[in-house]
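Asker: Next comes target39.txt, compact mmCIF, C-alpha atoms:
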# COMPACT_ATOMS: atom_id res chain seq x y z
CA MET H 187 8.20 -26.25 20.53
CA ALA H 188 7.08 -28.99 22.88
CA LEU H 189 9.17 -30.49 25.68
CA LYS H 190 10.47 -34.04 25.66
CA SER H 191 10.71 -36.11 28.84
CA PHE H 192 12.24 -39.55 29.44
CA ARG H 193 11.53 -42.73 31.34
CA PRO H 194 13.12 -42.50 34.82
CA THR H 195 15.85 -45.08 34.28
CA THR H 196 18.02 -43.10 36.72
CA PRO H 197 17.10 -40.65 39.52
CA SER H 198 18.28 -37.63 37.50
CA ARG H 199 16.48 -38.81 34.38
CA ARG H 200 13.15 -38.57 36.22
CA PHE H 201 13.12 -34.75 36.05
CA TYR H 202 15.21 -34.34 32.88
CA THR H 203 13.41 -32.48 30.07
CA VAL H 204 14.66 -31.09 26.78
CA SER H 205 13.16 -29.18 23.89
CA SER H 206 11.82 -31.36 21.10
CA PHE H 207 13.53 -29.13 18.48
CA ASP H 208 10.62 -29.75 16.09
CA GLU H 209 10.96 -26.29 14.55
CA ILE H 210 14.67 -26.69 13.68
CA THR H 211 15.19 -27.14 9.93
CA LYS H 212 18.99 -26.85 9.61
CA ASN H 213 21.58 -28.53 11.84
CA LYS H 214 24.76 -26.69 10.89
CA PRO H 215 25.10 -22.89 11.07
CA GLU H 216 26.00 -20.58 8.19
CA LYS H 217 29.79 -20.54 8.41
CA SER H 218 30.17 -16.90 7.31
CA LEU H 219 27.90 -15.78 10.15
CA THR H 220 29.75 -17.48 13.01
CA LYS H 221 32.85 -16.69 15.04
CA ILE H 222 34.82 -18.41 17.78
CA LEU H 223 33.53 -17.72 21.29
CA LYS H 224 36.54 -17.60 23.60
CA LYS H 225 36.03 -18.97 27.11
CA THR H 226 37.23 -16.76 29.98
CA GLY H 227 36.53 -19.01 32.95
CA GLY H 228 35.42 -15.85 34.73
CA ARG H 229 39.02 -14.52 34.72
CA ASN H 230 40.28 -11.15 33.56
CA SER H 231 43.54 -10.40 31.71
CA TYR H 232 45.50 -10.84 34.98
CA GLY H 233 44.08 -14.32 35.55
CA ARG H 234 42.03 -13.20 38.54
CA ILE H 235 38.44 -14.32 39.02
CA THR H 236 36.07 -11.42 38.41
CA SER H 237 32.89 -13.46 37.85
CA ARG H 238 32.32 -16.47 40.06
CA GLY H 239 30.51 -19.61 38.91
CA ILE H 240 31.86 -19.57 35.35
CA GLY H 241 33.96 -22.36 33.89
CA GLY H 242 34.08 -25.33 31.56
CA GLY H 243 31.12 -25.78 29.26
CA HIS H 244 30.86 -27.15 25.77
CA LYS H 245 32.72 -25.48 22.94
CA GLN H 246 30.41 -23.10 21.08
CA LYS H 247 30.44 -20.90 18.02
CA PHE H 248 28.83 -17.48 18.33
CA ARG H 249 26.16 -16.62 15.74
CA ILE H 250 26.28 -13.04 14.44
CA ILE H 251 22.71 -11.72 14.72
CA ASP H 252 21.35 -8.74 12.79
CA PHE H 253 19.84 -6.67 15.60
CA LYS H 254 19.93 -3.43 13.59
CA ARG H 255 17.66 -4.66 10.76
CA ASP H 256 19.10 -1.86 8.61
CA LYS H 257 18.52 -3.51 5.22
CA PHE H 258 15.54 -1.31 4.42
CA ASN H 259 12.90 -1.94 1.75
CA ILE H 260 14.60 -5.13 0.54
CA PRO H 261 12.51 -8.30 1.02
CA GLY H 262 14.20 -11.34 2.46
CA LYS H 263 13.15 -14.98 2.51
CA VAL H 264 13.41 -17.30 5.51
CA ILE H 265 15.51 -20.27 4.39
CA ALA H 266 16.08 -21.97 7.77
CA ILE H 267 15.17 -21.96 11.48
CA GLU H 268 18.22 -22.84 13.57
CA TYR H 269 19.34 -23.53 17.14
CA ASP H 270 21.64 -21.01 18.81
CA PRO H 271 23.74 -22.39 21.71
CA THR H 272 24.42 -18.93 23.16
CA ARG H 273 20.81 -17.74 23.50
CA THR H 274 17.41 -19.06 24.56
CA ALA H 275 15.55 -18.03 21.40
CA ARG H 276 15.72 -19.73 18.01
CA ILE H 277 17.23 -17.84 15.09
CA ALA H 278 16.06 -17.54 11.49
CA LEU H 279 18.43 -17.43 8.50
CA ILE H 280 17.28 -14.79 6.00
CA GLN H 281 18.43 -14.54 2.39
CA TYR H 282 17.74 -11.18 0.73
CA GLU H 283 17.22 -10.50 -2.96
CA ASP H 284 20.88 -9.47 -3.35
CA LYS H 285 21.87 -12.95 -1.99
CA GLU H 286 23.16 -11.57 1.33
CA LYS H 287 22.38 -13.77 4.33
CA ARG H 288 21.68 -12.61 7.87
CA TYR H 289 20.42 -14.11 11.12
CA ILE H 290 17.49 -12.61 13.04
CA ILE H 291 15.69 -13.64 16.23
CA ALA H 292 12.91 -16.04 15.21
CA PRO H 293 9.43 -14.99 16.41
CA ILE H 294 6.48 -17.35 16.84
CA ASP H 295 4.79 -18.41 13.58
CA LEU H 296 7.79 -17.51 11.38
CA LYS H 297 8.35 -20.43 9.02
CA VAL H 298 10.66 -21.39 6.17
CA GLY H 299 9.52 -19.69 2.97
CA ASP H 300 8.04 -16.64 4.71
CA GLU H 301 9.08 -13.19 3.52
CA VAL H 302 10.29 -10.49 5.91
CA MET H 303 11.18 -6.84 5.41
CA SER H 304 12.46 -3.85 7.34
CA SER H 305 10.46 -0.78 6.32
CA PRO H 306 8.12 1.88 7.77
CA ASN H 307 5.53 0.68 5.26
CA ALA H 308 5.96 -3.05 5.85
CA GLU H 309 3.00 -5.31 6.54
CA ILE H 310 2.10 -5.96 10.19
CA LYS H 311 3.26 -9.57 10.41
CA ALA H 312 5.79 -11.61 12.39
CA GLY H 313 9.42 -10.91 11.48
CA ASN H 314 8.95 -7.49 9.88
CA ALA H 315 10.89 -4.59 11.45
CA MET H 316 9.29 -1.13 11.65
CA PRO H 317 9.64 2.14 13.56
CA LEU H 318 7.48 2.28 16.68
CA GLY H 319 5.58 5.16 15.08
CA SER H 320 4.28 2.79 12.37
CA ILE H 321 3.20 0.01 14.74
CA PRO H 322 -0.39 0.08 16.11
CA PRO H 323 -0.84 -0.15 19.92
CA GLY H 324 -1.41 -3.64 21.32
CA ILE H 325 0.65 -5.48 18.69
CA PRO H 326 3.28 -7.87 20.22
CA ILE H 327 6.83 -6.63 19.49
CA HIS H 328 10.40 -7.62 20.36
CA ASN H 329 14.05 -6.67 19.62
CA ILE H 330 13.39 -3.02 20.45
CA GLU H 331 15.91 -0.22 19.98
CA LEU H 332 16.48 2.30 22.78
CA TYR H 333 18.53 4.60 20.53
CA LYS H 334 17.82 4.99 16.83
CA GLY H 335 20.31 3.04 14.70
CA LYS H 336 22.00 1.26 17.62
CA GLY H 337 20.12 -2.00 17.13
CA GLY H 338 17.66 -3.91 19.29
CA GLN H 339 18.75 -4.06 22.94
CA ILE H 340 15.72 -5.29 24.87
CA VAL H 341 13.08 -8.06 24.63
CA ARG H 342 15.25 -10.62 22.87
CA SER H 343 15.00 -13.79 25.00
CA ALA H 344 12.69 -16.78 24.47
CA GLY H 345 9.00 -15.93 24.88
CA GLY H 346 9.72 -12.21 25.23
CA MET H 347 7.05 -9.75 24.17
CA ALA H 348 6.35 -6.04 24.66
CA GLN H 349 3.38 -3.87 23.71
CA ILE H 350 2.79 -0.24 22.81
CA LEU H 351 0.21 1.23 25.17
CA ALA H 352 0.04 4.77 23.74
CA LYS H 353 1.92 7.36 21.68
CA GLU H 354 2.48 10.90 22.89
CA GLY H 355 4.88 13.74 22.13
CA GLY H 356 7.28 11.81 19.89
CA PHE H 357 7.48 8.84 22.28
CA ALA H 358 5.74 5.49 22.59
CA HIS H 359 4.66 4.15 25.99
CA VAL H 360 6.00 0.59 25.84
CA ARG H 361 5.15 -2.06 28.42
CA LEU H 362 8.10 -4.43 28.79
CA PRO H 363 7.95 -8.12 29.88
CA SER H 364 8.98 -7.11 33.42
CA GLY H 365 5.89 -4.90 33.74
CA GLU H 366 7.90 -1.70 33.43
CA VAL H 367 6.38 1.02 31.24
CA ARG H 368 9.01 3.05 29.41
CA LEU H 369 9.13 5.93 26.94
CA ILE H 370 10.91 5.03 23.68
CA ASN H 371 11.37 7.32 20.69
CA LEU H 372 8.92 6.67 17.85
CA ASN H 373 11.81 6.50 15.34
CA CYS H 374 13.35 3.46 17.06
CA LEU H 375 12.88 0.13 15.29
CA ALA H 376 11.13 -2.93 16.70
CA THR H 377 10.28 -6.32 15.22
CA ILE H 378 6.70 -7.57 15.03
CA GLY H 379 5.75 -10.70 16.98
CA GLN H 380 6.57 -12.58 20.17
CA VAL H 381 9.96 -14.31 20.43
CA GLY H 382 9.65 -18.04 19.82
CA ASN H 383 10.65 -21.06 21.92
CA ILE H 384 8.25 -20.03 24.70
CA GLU H 385 8.58 -23.47 26.36
CA HIS H 386 12.19 -22.70 27.32
CA GLU H 387 11.21 -21.51 30.81
CA ASN H 388 9.72 -24.94 31.58
CA ILE H 389 12.89 -26.91 30.84
CA SER H 390 14.28 -28.83 33.84
CA LEU H 391 18.01 -29.54 33.73
CA GLY H 392 17.58 -32.68 35.84
CA ASN H 393 21.20 -33.19 36.87
CA ALA H 394 24.35 -31.32 37.80
CA GLY H 395 26.32 -32.48 34.77
CA ARG H 396 23.96 -30.71 32.40
CA SER H 397 24.51 -27.46 34.30
CA ARG H 398 28.30 -27.90 33.95
CA HIS H 399 27.80 -28.53 30.25
CA LEU H 400 26.32 -25.02 30.05
CA GLY H 401 29.45 -23.54 31.64
CA ARG H 402 28.05 -23.05 35.15
CA ASN H 403 30.36 -23.94 38.01
CA PRO H 404 28.91 -24.83 41.43
CA LEU H 405 28.89 -22.14 44.14
CA SER H 406 29.09 -22.77 47.89
CA ARG H 407 26.51 -21.27 50.22
CA ALA H 408 27.79 -18.36 52.26
CA VAL H 409 26.79 -19.85 55.64
CA ALA H 410 28.68 -23.04 54.79
CA LYS H 411 32.01 -21.17 54.56
CA ASN H 412 34.55 -20.20 57.18
CA PRO H 413 34.57 -16.67 58.66
CA HIS H 414 37.81 -16.03 56.79
CA ASP H 415 36.08 -16.62 53.46
CA HIS H 416 32.73 -14.89 53.97
CA PRO H 417 31.13 -12.49 56.49
CA MET H 418 28.24 -14.94 56.94
CA GLY H 419 30.52 -17.93 57.54
CA GLY H 420 31.30 -19.73 60.79
CA GLY H 421 29.12 -20.34 63.82
CA GLU H 422 27.57 -23.51 65.19
CA GLY H 423 25.22 -25.23 62.78
CA LYS H 424 23.50 -23.22 60.06
CA SER H 425 24.04 -19.83 61.63
CA SER H 426 24.51 -16.54 59.79
CA GLY H 427 25.12 -14.55 62.95
CA GLY H 428 21.78 -12.78 62.74
CA ARG H 429 23.05 -10.30 60.18
CA HIS H 430 21.52 -9.20 56.90
CA PRO H 431 22.72 -11.19 53.84
CA THR H 432 25.90 -9.75 52.33
CA THR H 433 28.31 -10.32 49.50
CA PRO H 434 31.75 -11.88 50.22
CA TRP H 435 33.07 -8.31 50.50
CA GLY H 436 30.53 -7.24 53.10
CA LYS H 437 28.13 -5.26 50.90
CA ILE H 438 24.45 -5.67 51.79
CA THR H 439 22.44 -7.65 49.24
CA LYS H 440 18.87 -8.99 48.85
CA GLY H 441 16.74 -5.86 48.75
CA LEU H 442 19.41 -3.15 48.65
CA LYS H 443 18.65 -0.47 46.06
CA THR H 444 21.53 -0.45 43.60
CA ARG H 445 20.28 1.84 40.83
CA LYS H 446 22.03 5.20 40.97
CA ARG H 447 20.57 8.42 39.63
CA LYS H 448 20.55 7.98 35.87
CA SER H 449 19.58 10.22 33.00
CA SER H 450 17.26 7.44 31.80
CA ASP H 451 15.05 7.77 34.90
CA LYS H 452 12.94 10.36 33.12
CA TYR H 453 11.95 7.76 30.50
CA ILE H 454 10.57 5.29 33.05
CA ILE H 455 6.87 5.90 33.69
CA LYS H 456 6.20 2.83 35.84
CA ARG H 457 8.91 0.70 37.43
CA ARG H 458 8.80 -3.08 37.45
CA THR H 459 9.15 -3.16 41.26
CA LYS H 460 8.68 -0.77 44.17
CA GLY H 461 12.40 -0.99 44.92
CA GLU H 462 15.24 -0.10 42.61
Before we go any further, please render this structure as structure tokens.
Answerer:
Amino acid sequence: MALKSFRPTTPSRRFYTVSSFDEITKNKPEKSLTKILKKTGGRNSYGRITSRGIGGGHKQKFRIIDFKRDKFNIPGKVIAIEYDPTRTARIALIQYEDKEKRYIIAPIDLKVGDEVMSSPNAEIKAGNAMPLGSIPPGIPIHNIELYKGKGGQIVRSAGGMAQILAKEGGFAHVRLPSGEVRLINLNCLATIGQVGNIEHENISLGNAGRSRHLGRNPLSRAVAKNPHDHPMGGGEGKSSGGRHPTTPWGKITKGLKTRKRKSSDKYIIKRRTKGE
């Protein structure tokens, strides 16, 4: 999981780094576990842009990941560690005793030949899925359910890790990567271990073309636009008119609290920030 750099034969190559892909053992995905990922270009069904900065990008096939881990008490063997173009983490191809194959998020230290299982009585080791009630406090976990049976919804990106701080009244106090401490039902499943590919955050794209390859279109700065196109546009030089930063539609941004009153507020013990 090291990073690979290059000799600076061009200005952009000087800061260009990529993953070494040392852990990858299989180049082509399992065909039965992929589907076509349709590009939207940020447009809705009427052809109107609803998400700016989206367009182009390389053609990709979506890998179907087993976030539910609902194949209980059946051991599975890791037969490959693969690259997934639509996520930052690596994925592991599991073959169970009944010959069914599924993809899971690959945690650190999970290797080809290892055995994984989803069970309340499973061993505490990377890749095994268990209810929070069966996991000791302090153990690194990921792919955590918020509602029993819905599948893992949080802590799924590269390097992600959460920890159980305490258990009380049918709930676990879980500290998330953001620093937030949240109550989660003890019956919800989580997977043991920290998500792999932790060097992902250190990758430097190096040039604009690589960003376009990922499907990211360039965006103009607000103060560089005309007043007709943005509230912060116009003026002499780099002037924003002395107003607070806004969206193109005039809504205040950068620091504005956007979280409305939600029923989930009662499950948040400590917020990740002072604001909302």
Asker: So what do you get for atom CA of H:Tyr269 versus atom CA of H:Thr220, distance-wise?
Answerer: 12.7 Å
Asker: Could you tell me which of H:Met418, H:Ala376, H:Ala278, H:Met347 comes closest to H:Lys254 if we count only C-alpha atoms?
Answerer: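 For H:Lys254, the nearest of the candidates is H:Ala376.
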Asker: May I ask which of the residues H:Leu219, H:Pro434, H:Leu442, H:Ile389 is the closest one to H:Gly419, counting only C-alpha atoms?
Answerer: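 Once distances to H:Gly419 are computed over only C-alpha atoms, the minimum belongs to H:Pro434.
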Asker: Figure out the distance between atom CA of H:Gly324 and atom CA of H:Gln339, please, to one decimal in Å.
Answerer: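 A separation of 20.2 Å between them.
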Asker: Find the residue from H:Ile280, H:Ile454, H:Ile310, H:Ile321 that sits nearest to H:Arg361; use only C-alpha atoms when measuring.
Answerer: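 The shortest atom-to-atom distance to H:Arg361 comes from H:Ile454.
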Asker: Can you work out which one of H:Gly241, H:Gly299, H:Gly346, H:Gly379 has the shortest atom-to-atom distance to H:Ser364, counting all atoms listed in the file?
Answerer: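 Nearest candidate to H:Ser364 out of H:Gly241, H:Gly299, H:Gly346, H:Gly379: H:Gly346.
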Asker: State, in Å with one decimal place, the distance from atom CA of H:Asp451 to atom CA of H:Gly356.
Answerer: 17.4 Å
Asker: Leaving out H:Asn213 and any residue of its chain fewer than 5 positions from it, which residues lie within 10 Å of it when counting all atoms listed in the file, given as a short mmCIF file (atom, residue, chain, number, x, y, z; two decimals) with C-alpha atoms, keeping the file's coordinate frame?
Answerer:
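To be explicit, this is the file written out as out.cif:
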data_model
loop_
_atom_site.label_atom_id
_atom_site.label_comp_id
_atom_site.auth_asym_id
_atom_site.auth_seq_id
_atom_site.Cartn_x
_atom_site.Cartn_y
_atom_site.Cartn_z
CA ALA H 266 16.08 -21.97 7.77
CA ILE H 267 15.17 -21.96 11.48
CA GLU H 268 18.22 -22.84 13.57
CA TYR H 269 19.34 -23.53 17.14
#
Asker: Quick one: of H:Gly239, H:Pro431, H:Pro323, H:Pro317, who's nearest to H:Gly335, counting all atoms listed in the file?
Answerer: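 Closest to H:Gly335, using all atoms listed in the file: H:Pro317.
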Asker: Hey, which of H:Ile251, H:Leu318, H:Leu391, H:Ala408 ends up closest to H:Trp435? Count all atoms listed in the file.
Answerer: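 Closest residue, counting all atoms listed in the file: H:Ala408.
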Asker: Write out as JSON, numbers by chain each polymer residue whose atoms come within 9 Å of H:Lys257, counting all atoms listed in the file; drop sequence neighbours fewer than 4 positions from it.
Answerer: {"H": [261, 282, 303, 304, 305]}
Asker: Mind writing the picked residues with C-alpha atoms as an mmCIF file, in the frame of the given file?
Answerer:
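This is the output file selection_25.cif:
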data_model
loop_
_atom_site.group_PDB
_atom_site.id
_atom_site.type_symbol
_atom_site.label_atom_id
_atom_site.label_comp_id
_atom_site.auth_asym_id
_atom_site.auth_seq_id
_atom_site.Cartn_x
_atom_site.Cartn_y
_atom_site.Cartn_z
ATOM 1 C CA PRO H 261 12.510 -8.300 1.020
ATOM 2 C CA TYR H 282 17.740 -11.180 0.730
ATOM 3 C CA MET H 303 11.180 -6.840 5.410
ATOM 4 C CA SER H 304 12.460 -3.850 7.340
ATOM 5 C CA SER H 305 10.460 -0.780 6.320
#
Asker: Could the residues of stretch 304-354 of chain H that have an atom at most 9 Å from stretch 380-387 of chain H be listed as CSV, each with its closest atom pair and the distance in Å to one decimal, counting only C-alpha atoms and ordered by chain and ascending residue number?
Answerer:
residue,atom,partner,partner_atom,distance
H:Ala312,CA,H:Gln380,CA,7.9
H:Pro326,CA,H:Gln380,CA,5.7
H:Ile327,CA,H:Gln380,CA,6.0
H:His328,CA,H:Gln380,CA,6.3
H:Asn329,CA,H:Val381,CA,8.7
H:Val341,CA,H:Val381,CA,8.2
H:Arg342,CA,H:Val381,CA,6.9
H:Ser343,CA,H:Val381,CA,6.8
H:Ala344,CA,H:Asn383,CA,5.4
H:Gly345,CA,H:Ile384,CA,4.2
H:Gly346,CA,H:Val381,CA,5.2
H:Met347,CA,H:Gln380,CA,4.9
H:Ala348,CA,H:Gln380,CA,7.9
Asker: Go ahead and save the picked residues with C-alpha atoms, as a tab-separated table (two decimals), in the frame of the given file.
Answerer:
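Output saved as again-v2.tsv:
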chain	number	residue	atom	x	y	z
H	312	ALA	CA	5.79	-11.61	12.39
H	326	PRO	CA	3.28	-7.87	20.22
H	327	ILE	CA	6.83	-6.63	19.49
H	328	HIS	CA	10.40	-7.62	20.36
H	329	ASN	CA	14.05	-6.67	19.62
H	341	VAL	CA	13.08	-8.06	24.63
H	342	ARG	CA	15.25	-10.62	22.87
H	343	SER	CA	15.00	-13.79	25.00
H	344	ALA	CA	12.69	-16.78	24.47
H	345	GLY	CA	9.00	-15.93	24.88
H	346	GLY	CA	9.72	-12.21	25.23
H	347	MET	CA	7.05	-9.75	24.17
H	348	ALA	CA	6.35	-6.04	24.66
Asker: Write out as a list in words the residues lying within 12 Å of H:Gly427, counting all atoms listed in the file and excluding same-chain residues fewer than 3 positions away.
Answerer: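 The neighbour list is Ala408, Val409, Pro413, His416, Pro417, Met418, Gly419, Gly420, Gly421, Glu422, Gly423, Lys424, His430, Pro431 and Thr432 of chain H.
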Asker: For H:Phe201, list every protein, DNA or RNA residue within 8 Å, evaluated using only C-alpha atoms, and leave out those in the same chain fewer than 2 positions away; present the list as a ChimeraX atom specification.
Answerer: /H:191,194,197-199,203,390-392
